[in-house]
Amino acid sequence: MGNIIKVQKGTKDILPQEMGLWYTMEDNARRIFTNAGYGEIRTPIFEATELFARGVGDTTDIVNKEMYTFEKSERSLTLRPENTAGVVRAFIENGMHRLSAPVKLWYKGPMFRYERPQAGRQRQFHQVGVEMFGIKDATADAEVIELAVSYLKSLGLNDLEVEINSLGCPNCRENFKTELKKVLKPYFNDLCEDCQNRYEKNPLRLLDCKVDSCKAIFEKPDVKSVIYGDFICEDCAEHFNQLKSYLDALGIKYTVNKLLVRGLDYYNRTVFEIKSNNLGSQNAVCGGGRYDSLVRNLGGVDTPAIGFAMGMERLYSLLQKKEPEKLTAYVVSTNQTEALKTVKYLRDNNISTDFDFAGKKFTKQMEKASKIAKFAVILGEDEIANKTVSIKNLETSHQVTVPQAELLNNL
C-alpha cells in the first residue's frame, strides 16, 4: 500500500453514522426559522477579499490572521470566514432594501478560518444563522434572541445561559474607547502582545482577551470603574432597557456582561452570546448582535440589521449521539432477479430497502437483515412459486406469509 493522502489538518469527514444528528440540526433550523418568516439564502463560498476587510474589519484577528485568501486573474478572493458580510452583499446587490421591512433571511453552510484546531472548532466548519434587516426597534433584538433559544431547545439543549450587553452607537463607543485607553495606559507593558496591538487599532477587543494576566488587569478598581460605568447615551440606554423588558416578557432569563464585546468590528448596540451547560461543560454555542451601519458601509442604503450565528460542530459535540436509523426492509432471497424487482418496487413506494448483492447463503442474509433493518422480506422458492412473500419482524420474530400484492399493506 502506497502513501495514503489524509484529510487536511483542521478539516474532517462527516461520516454516514454521524449524519442523523446533522440532518436533525438542519431540519430543525429549516422548520423553526421558516415558521418565523425567514427565507433561506445561499451565498457563494468565496467573495472579494475587500468585502471582509470592509465588513468584518481590518483590525480583527479574522482579517489579519485567519482568512484563506488567494489571487486569481489579478483579483484577491477569500473563502468566507463568516456569512454576515456575504448576506449583506446579497441584500444590497439584489435590491432587497426595496422589500417591505423586515427582510428575514437564514443560512447554513461551510466557513473557513486558519486557526488552531481544537474541540468543536475546525479550519473548515459549518454555521447556521439568521439575519433580519430593516427594524431598529428592540423588538427585532428580542425576536432574534428568542429564535436562537428556541432552536437550541429544539435540539435538547435546555441548560442555557443568555448574556447580553450594549456597545452603544458609534459616538458612545468613541467616548468609551478614549476612556478605556486612558485608564489602561499605565498597564500597557503588562498587557499580552495581542492586546498591545489592539490598544491603538481596536481597544474594545481588549475586553475579549482570554489571557489571565490581562483579565486580572480588567479587575483592577480603576479599570473596572470605566468598564462598568454608564458610557452609553440616553437613546442607546432606552433601547437596551426595552430589550430587557421584552426578554422578561418572553420569560428568557439573561445576565448583563459588560465584558461582552464580540470579535467583529461591525457590531453596535446589542451584542449577545448563549452558552450551554449540556454534558457538564460550559460552551458558547451562539453569538450575535446588531450591525446597523454595515449595509451603508458596504455601499447600500442605510438599513438597521441584527443576526446571530452558531457553529454546528460545536453543537454536534454537545448533542446526545443516536444510533443510525435502520432500514424498513431487507429483501432476503437467493433469486437475484426477484430480489432486484422487489427492492425497486419497495423503493418506488418510499420504503427504505436493501438486499444482498452477492447472493450469499440464506442464513448470512438473515444475519445482515437483523443488524440493519426492521423487517426481513423473504422470497424463497416456495414464496416465488406461490406468488407470496414472508415478512418477519426482526424485533419480535413474528412472521407472516401474505400474497405479494399485499406486501406494502403488511409492511
# chains A, B, ... in the order shown; residues from 1 in each chain; ligands from 1

$ residues_around --residues "His126 in chain A" --least-positions-apart "2" --cutoff "10 Å" --atoms "only C-alpha atoms" --output "PyMOL selection string"
chain A and resi 82+108-112+121-124+128+309-314

$ residues_around --residues "Glu146 in chain A" --least-positions-apart "3" --cutoff "8 Å" --atoms "only C-alpha atoms" --output "list of chain:residue names"
A:Ala142, A:Glu143, A:Val149, A:Ser150, A:Leu247, A:Leu250, A:Ile252

$ closest_residue --among "A:Val226, A:Met132, A:Ala29, A:Ala101" --to "Lys182 in chain A" --atoms "only C-alpha atoms"
A:Val226

$ atom_distance --atom1 "CA of Ala148 in chain A" --atom2 "CA of Tyr68 in chain A"
28.6 Å

$ atom_distance --atom1 "CA of Glu18 in chain A" --atom2 "CA of Cys286 in chain A"
21.6 Å

$ residues_around --residues "Ser293 in chain A" --least-positions-apart "2" --cutoff "7 Å" --atoms "only C-alpha atoms" --output "list of chain:residue names"
A:Tyr291, A:Val295, A:Arg296, A:Asn297, A:Asp302, A:Pro304

$ select_by_dssp --residues "range 83-309 of chain A" --states "strand (DSSP E)" --output "PyMOL selection string"
chain A and resi 103-112+124-133+160-166+254-256+268-276+283-290+305-309

$ write_last_selection --atoms "C-alpha atoms" --output "PDB file, in the first residue's frame"
ATOM      1  CA  VAL A 103     -36.422  41.255   5.441  1.00  0.00           C
ATOM      2  CA  LYS A 104     -35.687  37.969   7.231  1.00  0.00           C
ATOM      3  CA  LEU A 105     -33.040  35.536   5.978  1.00  0.00           C
ATOM      4  CA  TRP A 106     -31.408  32.359   7.314  1.00  0.00           C
ATOM      5  CA  TYR A 107     -28.459  30.286   6.078  1.00  0.00           C
ATOM      6  CA  LYS A 108     -26.377  27.201   6.706  1.00  0.00           C
ATOM      7  CA  GLY A 109     -23.072  26.137   5.204  1.00  0.00           C
ATOM      8  CA  PRO A 110     -19.279  25.854   5.487  1.00  0.00           C
ATOM      9  CA  MET A 111     -16.952  28.682   6.613  1.00  0.00           C
ATOM     10  CA  PHE A 112     -13.135  28.770   6.636  1.00  0.00           C
ATOM     11  CA  GLN A 124     -13.438  24.294   7.750  1.00  0.00           C
ATOM     12  CA  PHE A 125     -16.524  24.484   9.926  1.00  0.00           C
ATOM     13  CA  HIS A 126     -20.266  24.905   9.447  1.00  0.00           C
ATOM     14  CA  GLN A 127     -22.551  27.642  10.699  1.00  0.00           C
ATOM     15  CA  VAL A 128     -26.291  28.121  10.849  1.00  0.00           C
ATOM     16  CA  GLY A 129     -27.565  31.647  11.361  1.00  0.00           C
ATOM     17  CA  VAL A 130     -30.205  34.315  10.744  1.00  0.00           C
ATOM     18  CA  GLU A 131     -30.148  37.964   9.681  1.00  0.00           C
ATOM     19  CA  MET A 132     -33.011  40.484   9.991  1.00  0.00           C
ATOM     20  CA  PHE A 133     -32.918  43.784   8.075  1.00  0.00           C
ATOM     21  CA  LEU A 160     -28.786  27.691  28.557  1.00  0.00           C
ATOM     22  CA  GLU A 161     -27.298  30.987  29.750  1.00  0.00           C
ATOM     23  CA  VAL A 162     -28.045  34.134  27.745  1.00  0.00           C
ATOM     24  CA  GLU A 163     -25.555  37.012  28.142  1.00  0.00           C
ATOM     25  CA  ILE A 164     -26.314  40.453  26.706  1.00  0.00           C
ATOM     26  CA  ASN A 165     -24.565  43.810  26.515  1.00  0.00           C
ATOM     27  CA  SER A 166     -24.935  47.127  24.700  1.00  0.00           C
ATOM     28  CA  TYR A 254     -30.354  36.661  30.919  1.00  0.00           C
ATOM     29  CA  THR A 255     -27.374  38.332  32.564  1.00  0.00           C
ATOM     30  CA  VAL A 256     -25.709  41.593  31.524  1.00  0.00           C
ATOM     31  CA  ASN A 268     -23.229  48.207  17.675  1.00  0.00           C
ATOM     32  CA  ARG A 269     -25.793  48.435  20.458  1.00  0.00           C
ATOM     33  CA  THR A 270     -26.995  44.894  21.311  1.00  0.00           C
ATOM     34  CA  VAL A 271     -24.498  42.026  21.410  1.00  0.00           C
ATOM     35  CA  PHE A 272     -25.283  38.615  22.905  1.00  0.00           C
ATOM     36  CA  GLU A 273     -23.921  35.143  23.491  1.00  0.00           C
ATOM     37  CA  ILE A 274     -25.704  31.959  24.502  1.00  0.00           C
ATOM     38  CA  LYS A 275     -23.812  29.334  26.487  1.00  0.00           C
ATOM     39  CA  SER A 276     -24.822  25.733  27.089  1.00  0.00           C
ATOM     40  CA  ASN A 283     -19.661  26.084  25.844  1.00  0.00           C
ATOM     41  CA  ALA A 284     -20.558  29.238  23.896  1.00  0.00           C
ATOM     42  CA  VAL A 285     -22.871  27.920  21.175  1.00  0.00           C
ATOM     43  CA  CYS A 286     -24.312  31.134  19.717  1.00  0.00           C
ATOM     44  CA  GLY A 287     -23.121  34.682  19.176  1.00  0.00           C
ATOM     45  CA  GLY A 288     -24.750  37.655  17.558  1.00  0.00           C
ATOM     46  CA  GLY A 289     -25.736  41.264  17.701  1.00  0.00           C
ATOM     47  CA  ARG A 290     -26.852  44.385  15.919  1.00  0.00           C
ATOM     48  CA  ALA A 305     -29.905  44.906  10.996  1.00  0.00           C
ATOM     49  CA  ILE A 306     -29.336  42.167  13.570  1.00  0.00           C
ATOM     50  CA  GLY A 307     -28.422  38.485  13.442  1.00  0.00           C
ATOM     51  CA  PHE A 308     -26.658  35.513  15.007  1.00  0.00           C
ATOM     52  CA  ALA A 309     -24.547  32.512  14.001  1.00  0.00           C
TER      53      ALA A 309
END

$ residues_around --residues "Thr178 in chain A" --least-positions-apart "2" --cutoff "12 Å" --atoms "only C-alpha atoms" --output "PyMOL selection string"
chain A and resi 171-176+180-185+199-200+202-204+226-227+231

$ residues_around --residues "Ala405 in chain A" --least-positions-apart "3" --cutoff "12 Å" --atoms "only C-alpha atoms" --output "list of chain:residue names"
A:Thr342, A:Tyr345, A:Leu346, A:Asn386, A:Lys387, A:Thr388, A:Val389, A:Thr401, A:Val402, A:Leu408, A:Asn409, A:Asn410, A:Leu411

$ write_last_selection --atoms "C-alpha atoms" --output "PDB file, in the first residue's frame"
ATOM      1  CA  THR A 342     -38.868  -6.398  -5.099  1.00  0.00           C
ATOM      2  CA  TYR A 345     -40.931  -1.927  -6.035  1.00  0.00           C
ATOM      3  CA  LEU A 346     -40.457  -1.067  -2.335  1.00  0.00           C
ATOM      4  CA  ASN A 386     -46.918 -19.366  -4.874  1.00  0.00           C
ATOM      5  CA  LYS A 387     -46.608 -15.601  -5.604  1.00  0.00           C
ATOM      6  CA  THR A 388     -46.430 -14.943  -1.851  1.00  0.00           C
ATOM      7  CA  VAL A 389     -43.890 -13.220   0.409  1.00  0.00           C
ATOM      8  CA  THR A 401     -46.869 -15.042   4.779  1.00  0.00           C
ATOM      9  CA  VAL A 402     -49.096 -12.946   2.521  1.00  0.00           C
ATOM     10  CA  LEU A 408     -46.951  -2.914   1.132  1.00  0.00           C
ATOM     11  CA  ASN A 409     -50.037  -3.035   3.386  1.00  0.00           C
ATOM     12  CA  ASN A 410     -48.386  -5.516   5.736  1.00  0.00           C
ATOM     13  CA  LEU A 411     -45.145  -3.535   5.942  1.00  0.00           C
TER      14      LEU A 411
END

$ residues_around --residues "Leu243 in chain A" --least-positions-apart "6" --cutoff "8 Å" --atoms "only C-alpha atoms" --output "list of chain:residue names"
A:Ala138, A:Thr139, A:Asp141, A:Ala142

$ residues_around --residues "Lys392 in chain A" --least-positions-apart "4" --cutoff "6 Å" --atoms "only C-alpha atoms" --output "PyMOL selection string"
chain A and resi 375-376+398-399

$ select_by_dssp --residues "range 15-222 of chain A" --states "alpha helix (DSSP H)" --output "VMD selection string"
chain A and resid 19 to 35 49 to 52 61 84 to 93 138 to 154 170 to 184 193 to 201 212 to 218 221 to 222

$ atom_distance --atom1 "CA of Lys374 in chain A" --atom2 "CA of Thr328 in chain A"
5.1 Å

$ closest_residue --among "A:Asn277, A:Gln365, A:Met25, A:Leu298" --to "Phe52 in chain A" --atoms "only C-alpha atoms"
A:Leu298

$ closest_residue --among "A:Lys177, A:Val88, A:Thr303, A:Phe357" --to "Lys201 in chain A" --atoms "only C-alpha atoms"
A:Lys177
